[in-house]
Structure formats: C-alpha cells, structure tokens
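So this one's work_3.txt, compact mmCIF, C-alpha atoms:
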```txt
# COMPACT_ATOMS: atom_id res chain seq x y z
CA MET M 413 -44.17 -29.09 -39.12
CA SER M 414 -42.26 -29.92 -35.97
CA LEU M 415 -38.56 -30.24 -35.27
CA ARG M 416 -39.52 -32.94 -32.77
CA HIS M 417 -38.95 -35.73 -35.26
CA ARG M 418 -39.01 -39.41 -34.40
CA ILE M 419 -35.32 -40.06 -34.87
CA GLY M 420 -34.35 -37.28 -32.44
CA ALA M 421 -36.48 -38.60 -29.59
CA GLY M 422 -33.53 -40.44 -28.09
CA CYS M 423 -31.39 -37.33 -27.85
CA GLY M 424 -32.57 -36.62 -24.30
CA ALA M 425 -30.36 -39.40 -23.01
CA VAL M 426 -27.47 -37.98 -24.96
CA LEU M 427 -27.96 -34.57 -23.40
CA ILE M 428 -28.30 -35.99 -19.89
CA ALA M 429 -25.18 -38.08 -20.26
CA ALA M 430 -21.85 -36.54 -19.34
CA SER M 431 -20.49 -34.83 -22.41
CA VAL M 432 -17.04 -35.43 -23.77
CA LEU M 433 -17.08 -31.92 -25.17
CA THR M 434 -18.56 -29.77 -22.40
CA ALA M 435 -19.17 -26.07 -22.40
CA SER M 436 -16.87 -25.77 -19.42
CA ALA M 437 -14.06 -27.10 -21.57
CA THR M 438 -14.28 -24.05 -23.75
CA GLY M 439 -12.77 -20.69 -23.09
CA ALA M 440 -11.30 -17.51 -24.42
CA SER M 441 -8.59 -17.98 -26.99
CA ALA M 442 -5.15 -16.65 -26.26
CA ALA M 443 -4.71 -15.80 -29.92
CA ALA M 444 -5.61 -12.42 -31.32
CA GLY M 445 -8.79 -12.15 -33.32
CA PRO M 446 -9.19 -11.48 -37.03
CA THR M 447 -7.92 -8.27 -38.59
CA THR M 448 -9.67 -6.19 -41.22
CA LEU M 449 -8.72 -6.31 -44.91
CA PRO M 450 -9.82 -3.88 -47.64
CA ALA M 451 -13.24 -5.25 -48.63
CA GLY M 452 -13.16 -3.35 -51.93
CA GLU M 453 -10.45 -5.70 -53.20
CA TYR M 454 -12.95 -8.57 -53.51
CA THR M 455 -15.76 -8.67 -56.06
CA LEU M 456 -18.17 -11.10 -57.71
CA THR M 457 -19.77 -11.19 -61.15
CA SER M 458 -22.91 -13.23 -61.60
CA ASP M 459 -24.65 -14.93 -64.51
CA TYR M 460 -27.88 -16.71 -63.65
CA HIS M 461 -28.75 -17.47 -67.29
CA LYS M 462 -25.59 -19.11 -68.62
CA TYR M 463 -27.29 -22.44 -69.31
CA ASP M 464 -30.80 -21.27 -70.24
CA ALA M 465 -30.71 -22.63 -73.80
CA ALA M 466 -29.48 -26.11 -72.92
CA TYR M 467 -31.73 -26.37 -69.88
CA SER M 468 -34.85 -25.42 -71.85
CA GLY M 469 -34.01 -28.27 -74.23
CA LEU M 470 -33.58 -30.71 -71.34
CA ALA M 471 -36.85 -29.61 -69.71
CA ALA M 472 -38.65 -30.23 -73.00
CA LYS M 473 -37.42 -33.83 -73.03
CA LEU M 474 -37.43 -34.71 -69.32
CA PRO M 475 -40.02 -34.28 -66.55
CA VAL M 476 -39.34 -31.44 -64.10
CA ARG M 477 -39.91 -32.62 -60.53
CA ALA M 478 -40.73 -30.49 -57.49
CA VAL M 479 -38.86 -31.00 -54.24
CA HIS M 480 -41.92 -32.57 -52.58
CA THR M 481 -42.07 -35.16 -55.38
CA VAL M 482 -38.41 -36.01 -54.92
CA MET M 483 -38.95 -36.45 -51.18
CA ASP M 484 -42.07 -38.57 -51.76
CA ASN M 485 -39.64 -40.91 -53.50
CA ALA M 486 -36.83 -40.70 -50.94
CA ASN M 487 -35.20 -44.12 -50.82
CA HIS M 488 -32.50 -44.05 -48.13
CA ASP M 489 -33.12 -44.46 -44.39
CA ARG M 490 -31.31 -42.05 -42.15
CA LYS M 491 -30.14 -43.52 -38.85
CA PRO M 492 -29.96 -42.13 -35.29
CA LEU M 493 -26.80 -40.59 -33.94
CA PRO M 494 -24.68 -43.05 -31.96
CA SER M 495 -25.01 -42.78 -28.19
CA THR M 496 -21.28 -42.08 -27.94
CA PHE M 497 -21.59 -38.86 -29.91
CA LYS M 498 -21.92 -36.08 -27.30
CA PRO M 499 -20.79 -32.59 -28.38
CA ALA M 500 -21.80 -29.82 -25.98
CA GLY M 501 -25.22 -28.35 -26.67
CA LEU M 502 -26.37 -31.25 -28.87
CA THR M 503 -30.06 -31.08 -29.80
CA GLY M 504 -30.32 -33.84 -32.41
CA GLY M 505 -29.19 -35.10 -35.77
CA PHE M 506 -28.76 -38.24 -37.81
CA ARG M 507 -26.27 -40.50 -39.53
CA PHE M 508 -26.35 -41.65 -43.14
CA ASP M 509 -27.18 -45.28 -43.89
CA ASP M 510 -24.41 -47.86 -43.68
CA GLY M 511 -23.66 -47.73 -47.38
CA ASP M 512 -23.03 -43.99 -47.34
CA ASN M 513 -21.44 -43.95 -43.90
CA ASP M 514 -18.75 -46.44 -44.94
CA ASP M 515 -18.23 -45.35 -48.57
CA CYS M 516 -14.60 -44.54 -49.42
CA THR M 517 -15.49 -42.95 -52.78
CA ASN M 518 -18.06 -40.36 -51.62
CA TYR M 519 -17.46 -37.68 -48.98
CA PRO M 520 -19.98 -35.23 -47.43
CA GLN M 521 -18.79 -31.61 -47.26
CA GLY M 522 -21.24 -28.72 -47.18
CA ILE M 523 -24.49 -28.29 -45.23
CA THR M 524 -27.50 -26.02 -45.51
CA THR M 525 -31.17 -26.28 -44.59
CA SER M 526 -34.59 -25.10 -45.67
CA ARG M 527 -34.29 -22.60 -42.79
CA ASP M 528 -31.60 -20.94 -44.89
CA ALA M 529 -33.91 -21.03 -47.88
CA VAL M 530 -37.06 -19.57 -46.31
CA GLY M 531 -36.23 -18.56 -42.74
CA GLY M 532 -38.22 -19.64 -39.69
CA ALA M 533 -41.68 -18.82 -41.04
CA ASN M 534 -44.06 -21.73 -41.65
CA GLY M 535 -41.80 -24.05 -39.71
CA GLY M 536 -38.90 -23.46 -42.09
CA ASN M 537 -40.57 -25.52 -44.81
CA TYR M 538 -39.65 -25.45 -48.49
CA ASP M 539 -42.33 -26.98 -50.71
CA GLY M 540 -43.93 -28.51 -47.62
CA HIS M 541 -40.76 -30.08 -46.22
CA GLN M 542 -38.26 -29.10 -43.55
CA LEU M 543 -34.98 -30.28 -45.05
CA VAL M 544 -31.27 -30.67 -44.41
CA ALA M 545 -29.16 -30.57 -47.58
CA VAL M 546 -25.60 -31.90 -47.75
CA SER M 547 -23.15 -31.59 -50.64
CA TRP M 548 -20.79 -34.46 -51.54
CA TYR M 549 -17.91 -35.10 -53.90
CA THR M 550 -17.24 -38.46 -55.55
CA ARG M 551 -13.91 -40.13 -56.39
CA ASP M 552 -13.45 -42.66 -59.19
CA ALA M 553 -11.95 -45.11 -56.65
CA CYS M 554 -10.87 -45.14 -53.02
CA GLY M 555 -8.19 -42.47 -52.92
CA GLY M 556 -8.79 -41.65 -56.59
CA LYS M 557 -9.52 -38.38 -58.40
CA GLN M 558 -12.70 -36.33 -58.00
CA VAL M 559 -15.13 -37.11 -60.81
CA ARG M 560 -18.53 -35.68 -59.85
CA SER M 561 -20.63 -34.12 -57.08
CA ARG M 562 -24.10 -34.48 -55.63
CA ILE M 563 -26.44 -33.35 -52.88
CA THR M 564 -28.61 -35.29 -50.47
CA LEU M 565 -31.95 -33.95 -49.21
CA ALA M 566 -32.97 -35.32 -45.83
CA ASP M 567 -36.41 -34.81 -44.28
CA TRP M 568 -36.14 -33.32 -40.81
CA ASP M 569 -39.72 -33.34 -39.63
CA ALA M 570 -41.95 -35.83 -37.84
CA THR M 571 -44.58 -35.36 -40.52
CA TYR M 572 -42.49 -37.38 -42.97
CA PRO M 573 -40.47 -40.62 -42.89
CA ASN M 574 -36.84 -40.53 -41.78
CA LYS M 575 -35.60 -40.65 -45.35
CA TYR M 576 -33.15 -38.94 -47.68
CA ARG M 577 -32.60 -38.84 -51.44
CA LYS M 578 -29.47 -38.35 -53.55
CA ILE M 579 -29.51 -35.90 -56.47
CA LEU M 580 -26.66 -35.68 -58.98
CA LEU M 581 -25.33 -32.21 -59.83
CA VAL M 582 -24.82 -31.77 -63.57
CA GLU M 583 -23.68 -29.06 -65.98
CA PRO M 584 -25.90 -28.60 -69.06
CA THR M 585 -24.20 -28.83 -72.45
CA GLY M 586 -25.27 -28.66 -76.09
CA THR M 587 -28.10 -26.56 -77.49
CA THR M 588 -31.85 -26.21 -77.10
CA ALA M 589 -32.33 -28.61 -80.02
CA ALA M 590 -29.67 -31.08 -78.88
CA PRO M 591 -29.28 -30.71 -75.10
CA ASN M 592 -27.12 -32.83 -72.84
CA TYR M 593 -25.32 -32.62 -69.53
CA LYS M 594 -22.08 -33.74 -67.90
CA ASP M 595 -20.66 -34.37 -64.44
CA ILE M 596 -19.41 -31.55 -62.21
CA PRO M 597 -16.08 -32.75 -60.73
CA ILE M 598 -15.72 -30.21 -57.92
CA HIS M 599 -15.00 -30.60 -54.20
CA ALA M 600 -18.38 -29.02 -53.27
CA GLY M 601 -16.81 -27.93 -49.98
CA GLY M 602 -19.68 -25.63 -49.09
CA VAL M 603 -23.35 -25.26 -49.98
CA SER M 604 -25.98 -22.66 -49.15
CA TRP M 605 -29.66 -22.41 -50.02
CA TYR M 606 -31.36 -19.02 -50.35
CA GLY M 607 -34.85 -18.74 -51.78
CA ASP M 608 -35.01 -21.14 -54.71
CA TYR M 609 -31.27 -21.02 -55.40
CA LEU M 610 -28.67 -23.47 -54.20
CA TYR M 611 -25.10 -22.10 -54.18
CA VAL M 612 -22.24 -24.61 -54.22
CA ALA M 613 -18.63 -23.60 -53.56
CA ASP M 614 -16.24 -24.14 -56.47
CA THR M 615 -12.80 -23.98 -54.86
CA GLY M 616 -10.88 -22.16 -57.55
CA GLY M 617 -13.48 -19.82 -58.95
CA GLY M 618 -16.39 -18.89 -56.71
CA MET M 619 -19.78 -20.61 -56.72
CA ARG M 620 -22.00 -22.61 -59.03
CA VAL M 621 -25.72 -21.86 -58.94
CA PHE M 622 -28.61 -24.33 -59.10
CA ASP M 623 -32.36 -23.76 -59.05
CA MET M 624 -34.34 -26.09 -56.77
CA ARG M 625 -37.39 -25.66 -59.02
CA LYS M 626 -35.52 -27.32 -61.90
CA ILE M 627 -34.82 -30.88 -60.75
CA LEU M 628 -35.13 -33.34 -63.64
CA GLU M 629 -36.08 -37.01 -63.53
CA VAL M 630 -33.92 -39.25 -65.74
CA ASN M 631 -33.55 -42.94 -66.53
CA SER M 632 -32.08 -44.61 -63.44
CA GLY M 633 -31.03 -47.65 -65.45
CA GLY M 634 -28.04 -48.03 -67.71
CA THR M 635 -24.58 -48.61 -66.31
CA ALA M 636 -22.90 -47.05 -63.30
CA ASP M 637 -20.52 -45.04 -65.51
CA GLN M 638 -23.21 -43.76 -67.90
CA ILE M 639 -23.86 -40.00 -67.96
CA GLY M 640 -25.95 -37.94 -70.37
CA GLU M 641 -27.92 -38.87 -73.49
CA SER M 642 -27.67 -42.25 -75.17
CA GLY M 643 -30.16 -43.64 -77.67
CA GLY M 644 -32.73 -40.99 -76.82
CA GLN M 645 -32.54 -41.73 -73.09
CA TYR M 646 -30.80 -39.66 -70.41
CA TYR M 647 -28.73 -41.40 -67.75
CA ALA M 648 -26.91 -40.26 -64.60
CA HIS M 649 -24.83 -43.03 -62.99
CA ASN M 650 -28.09 -44.77 -61.96
CA TYR M 651 -29.39 -41.67 -60.17
CA ARG M 652 -33.09 -40.99 -60.69
CA TYR M 653 -32.80 -37.21 -60.33
CA VAL M 654 -30.35 -34.59 -61.58
CA LEU M 655 -30.08 -30.92 -60.65
CA PRO M 656 -28.68 -28.93 -63.59
CA GLN M 657 -26.52 -25.88 -63.02
CA VAL M 658 -28.21 -22.63 -64.03
CA GLY M 659 -25.43 -20.09 -63.53
CA THR M 660 -22.09 -19.06 -62.10
CA ILE M 661 -20.79 -16.62 -59.51
CA ALA M 662 -17.21 -15.76 -60.44
CA ALA M 663 -14.81 -14.32 -57.86
CA HIS M 664 -12.24 -11.61 -58.57
CA THR M 665 -9.66 -9.79 -56.49
CA THR M 666 -7.09 -7.03 -56.79
CA SER M 667 -5.30 -8.26 -53.65
CA GLY M 668 -2.87 -10.33 -55.69
CA THR M 669 -4.01 -13.66 -54.21
CA ASN M 670 -7.17 -15.33 -55.44
CA LEU M 671 -9.67 -16.57 -52.90
CA SER M 672 -9.88 -20.31 -52.27
CA TRP M 673 -13.59 -21.07 -51.84
CA SER M 674 -13.39 -23.84 -49.26
CA SER M 675 -16.68 -23.24 -47.46
CA ILE M 676 -19.69 -20.93 -47.63
CA SER M 677 -22.67 -20.08 -45.44
CA LEU M 678 -25.70 -17.79 -45.52
CA ASP M 679 -26.19 -14.92 -43.08
CA ARG M 680 -29.92 -14.20 -43.20
CA VAL M 681 -29.67 -11.15 -40.89
CA SER M 682 -27.37 -9.17 -43.18
CA LYS M 683 -28.62 -10.96 -46.32
CA SER M 684 -25.14 -11.95 -47.37
CA MET M 685 -22.97 -14.95 -48.16
CA VAL M 686 -19.79 -15.54 -46.21
CA MET M 687 -16.88 -17.70 -47.33
CA THR M 688 -13.59 -18.85 -45.91
CA GLU M 689 -10.43 -20.63 -47.04
CA TYR M 690 -8.73 -23.85 -46.02
CA THR M 691 -5.03 -22.98 -45.67
CA CYS M 692 -2.04 -24.28 -43.72
CA LYS M 693 0.40 -22.48 -41.49
CA ALA M 694 3.28 -24.29 -43.21
CA ASP M 695 4.41 -27.50 -44.90
CA CYS M 696 1.29 -28.19 -46.99
CA THR M 697 1.69 -29.34 -50.58
CA GLN M 698 -1.97 -29.42 -51.66
CA TYR M 699 -3.21 -26.26 -49.94
CA PRO M 700 -1.98 -22.64 -49.63
CA ASN M 701 0.56 -21.94 -46.91
CA ARG M 702 -0.65 -18.58 -45.62
CA ALA M 703 -3.22 -17.02 -43.32
CA PRO M 704 -6.80 -17.66 -44.48
CA ARG M 705 -9.39 -14.99 -45.25
CA ALA M 706 -13.11 -14.70 -44.66
CA VAL M 707 -15.13 -12.45 -46.96
CA ARG M 708 -18.77 -11.32 -46.88
CA PHE M 709 -20.67 -10.62 -50.11
CA PRO M 710 -24.13 -8.97 -49.94
CA PHE M 711 -27.05 -10.14 -52.05
CA ALA M 712 -28.88 -7.65 -54.26
CA SER M 713 -31.39 -5.57 -52.31
CA GLY M 714 -34.59 -7.50 -51.71
CA ALA M 715 -33.39 -10.50 -53.71
CA THR M 716 -31.99 -13.99 -53.17
CA THR M 717 -29.58 -13.41 -56.06
CA PHE M 718 -26.39 -11.43 -56.45
CA ALA M 719 -26.29 -8.34 -58.62
CA ALA M 720 -24.41 -8.52 -61.93
CA SER M 721 -21.44 -7.08 -60.04
CA THR M 722 -21.00 -7.24 -56.26
CA THR M 723 -18.33 -5.76 -54.00
CA ALA M 724 -17.60 -7.39 -50.66
CA SER M 725 -18.92 -5.62 -47.59
CA GLN M 726 -16.41 -7.17 -45.17
CA ALA M 727 -13.06 -8.95 -45.44
CA LEU M 728 -10.99 -10.46 -42.64
CA LYS M 729 -7.56 -11.98 -42.23
CA LEU M 730 -7.85 -14.90 -39.80
CA PRO M 731 -5.38 -16.20 -37.19
CA TRP M 732 -6.68 -19.79 -37.49
CA TYR M 733 -5.87 -22.53 -39.99
CA ASN M 734 -7.31 -25.69 -41.61
CA LEU M 735 -10.77 -24.13 -41.76
CA ASN M 736 -13.47 -26.38 -43.19
CA GLY M 737 -16.49 -24.40 -42.06
CA VAL M 738 -17.75 -20.86 -41.53
CA ALA M 739 -20.98 -19.28 -40.29
CA SER M 740 -21.99 -15.74 -39.45
CA HIS M 741 -25.12 -14.28 -37.88
CA ASN M 742 -25.87 -10.84 -36.48
CA GLY M 743 -22.22 -9.73 -36.49
CA ARG M 744 -20.89 -12.95 -34.94
CA TRP M 745 -18.65 -15.49 -36.67
CA TRP M 746 -17.82 -19.18 -36.22
CA PHE M 747 -14.93 -21.03 -37.89
CA ASN M 748 -14.41 -24.80 -37.75
CA SER M 749 -10.88 -26.23 -37.87
CA SER M 750 -10.94 -29.93 -38.70
CA THR M 751 -7.27 -30.47 -37.88
CA GLN M 752 -7.37 -28.74 -34.48
CA LYS M 753 -10.86 -30.12 -33.63
CA GLN M 754 -11.84 -26.64 -32.55
CA LEU M 755 -14.67 -24.22 -33.25
CA TYR M 756 -13.52 -20.61 -33.10
CA TYR M 757 -15.98 -17.86 -32.19
CA TRP M 758 -15.41 -14.20 -32.84
CA ALA M 759 -17.40 -10.98 -32.54
CA PRO M 760 -15.85 -7.51 -32.72
CA ASN M 761 -17.31 -6.49 -29.35
CA ALA M 762 -16.41 -9.71 -27.54
CA GLY M 763 -13.12 -10.91 -28.98
CA PRO M 764 -12.26 -14.54 -29.86
CA ALA M 765 -13.05 -17.74 -28.01
CA THR M 766 -12.05 -21.33 -28.72
CA HIS M 767 -14.32 -24.32 -28.18
CA SER M 768 -13.67 -28.05 -28.39
CA TRP M 769 -15.24 -29.50 -31.53
CA VAL M 770 -15.64 -32.75 -33.41
CA SER M 771 -13.12 -34.65 -35.51
CA TYR M 772 -13.35 -34.39 -39.30
CA GLY M 773 -15.70 -31.42 -38.91
CA GLU M 774 -16.95 -29.79 -42.11
CA SER M 775 -19.26 -26.90 -42.98
CA ILE M 776 -21.60 -25.02 -40.65
CA SER M 777 -25.10 -23.64 -41.19
CA TYR M 778 -26.94 -21.27 -38.86
CA TRP M 779 -30.53 -22.36 -38.06
CA GLU M 780 -32.89 -19.57 -37.00
CA ASP M 781 -35.75 -20.73 -34.78
CA PRO M 782 -38.37 -18.14 -33.74
CA ALA M 783 -39.91 -20.65 -31.30
CA GLY M 784 -36.75 -22.04 -29.71
CA ALA M 785 -32.99 -21.89 -29.45
CA ASP M 786 -31.06 -20.99 -32.59
CA LEU M 787 -28.80 -23.81 -33.73
CA LEU M 788 -25.59 -24.50 -35.58
CA TRP M 789 -25.82 -27.47 -37.96
CA SER M 790 -22.64 -29.26 -38.97
CA LEU M 791 -21.35 -32.67 -40.08
CA GLN M 792 -18.36 -34.99 -40.13
CA GLU M 793 -16.84 -36.39 -43.31
CA GLY M 794 -14.75 -39.24 -41.87
CA LYS M 795 -15.51 -42.68 -43.27
CA GLY M 796 -17.57 -44.66 -40.76
CA ASN M 797 -18.31 -41.57 -38.68
CA ARG M 798 -20.58 -39.35 -40.76
CA ASN M 799 -22.75 -37.64 -38.19
CA VAL M 800 -24.99 -34.73 -39.21
CA PHE M 801 -25.91 -32.80 -36.07
CA ALA M 802 -27.24 -29.61 -34.51
CA VAL M 803 -26.02 -27.83 -31.38
CA LYS M 804 -27.32 -24.76 -29.56
CA GLN M 805 -25.42 -21.81 -30.95
CA ALA M 806 -25.39 -20.13 -27.52
CA THR M 807 -23.11 -22.93 -26.28
CA TYR M 808 -20.43 -21.72 -28.67
CA GLY M 809 -20.20 -18.01 -27.92
CA ALA M 810 -17.83 -15.69 -26.13
```
What is this file in structure tokens?
Amino acid sequence: MSLRHRIGAGCGAVLIAASVLTASATGASAAAGPTTLPAGEYTLTSDYHKYDAAYSGLAAKLPVRAVHTVMDNANHDRKPLPSTFKPAGLTGGFRFDDGDNDDCTNYPQGITTSRDAVGGANGGNYDGHQLVAVSWYTRDACGGKQVRSRITLADWDATYPNKYRKILLVEPTGTTAAPNYKDIPIHAGGVSWYGDYLYVADTGGGMRVFDMRKILEVNSGGTADQIGESGGQYYAHNYRYVLPQVGTIAAHTTSGTNLSWSSISLDRVSKSMVMTEYTCKADCTQYPNRAPRAVRFPFASGATTFAASTTASQALKLPWYNLNGVASHNGRWWFNSSTQKQLYYWAPNAGPATHSWVSYGESISYWEDPAGADLLWSLQEGKGNRNVFAVKQATYGA
C-alpha cells in the first residue's frame, strides 16, 4: 500500500515552484515558551460501555459494516490540491469535492489517519486501507446553530480510487428491546484514532468515544431532516452509514478553570493524547479570555483505551492564542493559530520557534513513516478553500 497515490503525482511541480511559505521565512520566536502547570490537577474518567444496551439492540436490527465495506462504497471524489497552494515542505494532499468545499452549513475541523490507528506497520493500513479521517460539524443553516457532526473517511493509497465517504456520528438512545439514536450536536474540533477507537473532542466535557468496528448501515432514503427510527426503518439525514457512540471520556480539574477541549491529537511515542484550548488574549465574547493550556493524558499500559481514572502526565500554560490545532511527538510540540496564520514549535531542549502557516488552519496529526519523512497532516476549514494536506515535519522544527 503506497503513499504514492495518483492524486499526489502532480505535487512535484508544487514543490519545485517558489513557495509562498518558505522555510527561510520561519525563525525563532521572540516570545517565551510554555511554562509548566501542576499535571495532577487534571484527570479523566472513562466509560467505554455507556451505550452497550442500546447499541446491542441497534446491531440486532441493522447490518454492521466493516471499514473496507464502507470504503468499497465511497461515493465522493476527492480533488487535487490547487497549484496555488504551496506551504513549505508540502508532500501532497487533496481537496473535498465542490459540494463540500463550498458548503456553508458543514465545516471540517479535526484530522487523524490510519497511521494514528495502527502506526507505520503494514503501510499504515486499517482493514486494508490507508485512510485520512476528518471530523465535521453541521449547522441548521448558513450561520445557524450546530445540529450534528460527522466524519469523512478518505482513501489515501494508489491501490484504491480517490474517493471518500461521509459517516454520521450518532448517540444511541432507548433500550436493547427498543433502540434508537439521535444527532450529536458538537463542534468536533479534534479527532484522534487509536487502535479501533475514534476519539472526538467535546468542547465542554472531554471526548466522545466511537468504535470503528461498529459502523451501521441504515436507510439512506426518507427526508433530509429525518433521524432515528420511523415505521421500523432507521434513517440518518440521508446518510447510508452511522457510527454510534460507545462511551465517554469526562474531564475534571481542581485548577478552578475547566479545560476547553478545542483540539486533540495522538502521540504514539508516549502513548498519550494531547489536547489544547482555543482562547483569546482579550475582547472575545464566545471564547475564554485567558492563556490557553495544553495537557497530556496517558493511555492505560499496553492499551488503546484510557483507564477508569487517568491523571495527566504533563500540563503546560501557553504563550500563544487562537489555537485550533495541537500535535506532539517524541517530546516536541506543535500548535496552530488560525488567527495569526502561524505554526508554533516548542521542545524543552530547543525553545520555541514560529513558522508561517495557512489561513483557517485547523487540527494537526503526526504521521509516522518508517520508510520516509515523518509528516504533519492538517486542513483548512474556510468555505471554498478546504485543503487537506501533509508537510514534512522537519520543516517545522527549531
């Protein structure tokens, strides 16, 4: 399974062309780096079985579909990156089809890959596919309120067509005998895939957990506003597939200020999840006006799940603001600021550095590659400019 996919073949010209965002334009930041906070003030409690009863009822009524089956039925064509898109270190990427690229009611937010899920072994394939997963939130109208969330799975391998599929995220309700489900109206600002579990950031409370082995096929007919059971059939806003929530990861703190879960990312080296907050320096009405934090939570030993109770292993107070993305790997950190169009790098032994970055930048995912350069995957949420792309991580260091 090769990363040298058909749609990326044109990226050579992009790399040869003069870059708008060149490595030489980056440099050490004048600002001080992060400072340490008491990690013991931040904890998680997990429940991976909260919806077992309702899900077992749904699985008895609806076919369970493997990821490879979903991708065999992928029905959207991903498009090449535009030739004008030239961040430093670019190695490839794609753009969503015109309908999704120009949609004012759906916005891409988080990003993760099958390399997060399984690492670099076997070409980074999950169920036979090398995949890029993106989380989205949906509004009820342009500029309206958030009403649901979804993911897209995009094939990133020359073995398969350049396709992606949308999957609605749902919360099971009811009982084993009378199961149902409902929409999940969260921002889905971050997503991370580890083993079989997909973790989605829930801004006010922590993370929601989904199991990629438990995708259900539903009736794609009905009306666009139809969700759940009706007349013995299950509908999902005309989606063919739903991914039911299986559990919750609830965040707690004794610091006096609850964490705002704006973005998350997996660190495979330390087997931990890192998160950060979107905050403002001043004058924000919808977001906190204070310095943001980044916190690291370790997974249970030898597992892709959190223990029943988990204490953070690292907590930082950050000097940067408007952070939409975070990544960490081998003691190094990256933070994306959408407002400043900057990617901040920090490592304790090297200090901070600031790099030019893209507009409307969102989450970041670290891509380990045993056979080549490690990458940072990211994306843009801006309507009409939704590029999903990978850059060499070494371009964005000290």
Have a look at M:Tyr454, M:Trp568, M:Trp769, M:Tyr467 and name the one nearest to Asn592 of chain M; count only C-alpha atoms.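 Going through M:Tyr454, M:Trp568, M:Trp769, M:Tyr467 one by one, the smallest distance to Asn592 of chain M is for M:Tyr467.
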List the spatial neighbours of Ala806 of chain M as a list in words - criterion: any atom at most 12 Å away, only C-alpha atoms, same-chain residues fewer than 2 positions off excluded. Ala435, Ala500, Gly501, Leu502, His741, Arg744, Trp746, Tyr757, His767, Tyr778, Trp779, Gly784, Ala785, Asp786, Leu787, Leu788, Ala802, Val803, Lys804, Tyr808, Gly809 and Ala810 of chain M
With 8 Å added on each side, what axis-aligned box encloses every listed atom of segment 517-532 of chain M? Give the centre and edge lengths in Å to one decimal, as lines of an AutoDock Vina configuration file.
```
center_x = -26.9
center_y = -30.8
center_z = -46.2
size_x = 38.7
size_y = 40.4
size_z = 29.1
```
Quick one: pull the distance between atom CA of Ser721 of chain M and atom CA of His664 of chain M, Å, one decimal.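 Calculated distance between atom CA of Ser721 of chain M and atom CA of His664 of chain M is 10.4 Å.
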Trp605 of chain M surroundings by all atoms listed in the file, 7 Å radius, close-in-sequence under 5 positions cut, as a PyMOL selection string: chain M and resi 524-525+528-529+610-611
For Asp515 of chain M, please output as a ChimeraX atom specification all residues within 8 Å (counting all atoms listed in the file; exclusion window: fewer than 3 positions along the same chain). /M:511-512,518-519,795-796
Which of these, M:Ala486, M:Leu580, M:Cys554, M:Cys696, has the shortest distance to His649 of chain M once you count all atoms listed in the file?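 For His649 of chain M, the nearest of the given residues is M:Leu580.
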I'd like the interatomic distance between atom CA of Phe506 of chain M and atom CA of Pro782 of chain M, to a tenth of an Å.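 Separating atom CA of Phe506 of chain M from atom CA of Pro782 of chain M is a distance of 22.6 Å.
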Between atom CA of Thr722 of chain M and atom CA of Asp608 of chain M - distance in Å to one decimal: 19.8 Å
Of the listed residues M:Pro656, M:Gly445, M:Pro710, M:Pro704, that which approaches Pro764 of chain M most closely, counting all atoms listed in the file: M:Gly445
Up to 9 Å from (-11.4, -31.6, -39.8) in the file's coordinates: name the residues, counting all atoms listed in the file, as a PyMOL selection string. chain M and resi 734-736+748-754+770-774+792-794
I need the residues from that last selection saved to file as a PDB file, in the coordinates of the input (with C-alpha atoms), if you can.
```
ATOM      1  CA  ASN M 734      -7.310 -25.690 -41.610  1.00  0.00           C
ATOM      2  CA  LEU M 735     -10.770 -24.130 -41.760  1.00  0.00           C
ATOM      3  CA  ASN M 736     -13.470 -26.380 -43.190  1.00  0.00           C
ATOM      4  CA  ASN M 748     -14.410 -24.800 -37.750  1.00  0.00           C
ATOM      5  CA  SER M 749     -10.880 -26.230 -37.870  1.00  0.00           C
ATOM      6  CA  SER M 750     -10.940 -29.930 -38.700  1.00  0.00           C
ATOM      7  CA  THR M 751      -7.270 -30.470 -37.880  1.00  0.00           C
ATOM      8  CA  GLN M 752      -7.370 -28.740 -34.480  1.00  0.00           C
ATOM      9  CA  LYS M 753     -10.860 -30.120 -33.630  1.00  0.00           C
ATOM     10  CA  GLN M 754     -11.840 -26.640 -32.550  1.00  0.00           C
ATOM     11  CA  VAL M 770     -15.640 -32.750 -33.410  1.00  0.00           C
ATOM     12  CA  SER M 771     -13.120 -34.650 -35.510  1.00  0.00           C
ATOM     13  CA  TYR M 772     -13.350 -34.390 -39.300  1.00  0.00           C
ATOM     14  CA  GLY M 773     -15.700 -31.420 -38.910  1.00  0.00           C
ATOM     15  CA  GLU M 774     -16.950 -29.790 -42.110  1.00  0.00           C
ATOM     16  CA  GLN M 792     -18.360 -34.990 -40.130  1.00  0.00           C
ATOM     17  CA  GLU M 793     -16.840 -36.390 -43.310  1.00  0.00           C
ATOM     18  CA  GLY M 794     -14.750 -39.240 -41.870  1.00  0.00           C
TER      19      GLY M 794
END
```
Using all atoms listed in the file, which of M:Tyr572, M:Met624, M:Thr588, M:Gly617 sits nearest Ala478 of chain M?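 Of all the options, M:Met624 lies closest to Ala478 of chain M.
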Nearest to Tyr460 of chain M, chosen from M:Tyr646, M:Tyr653, M:Phe508, M:Phe622, with all atoms listed in the file counted in the distances: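 Once distances to Tyr460 of chain M are computed over all atoms listed in the file, the minimum belongs to M:Phe622.
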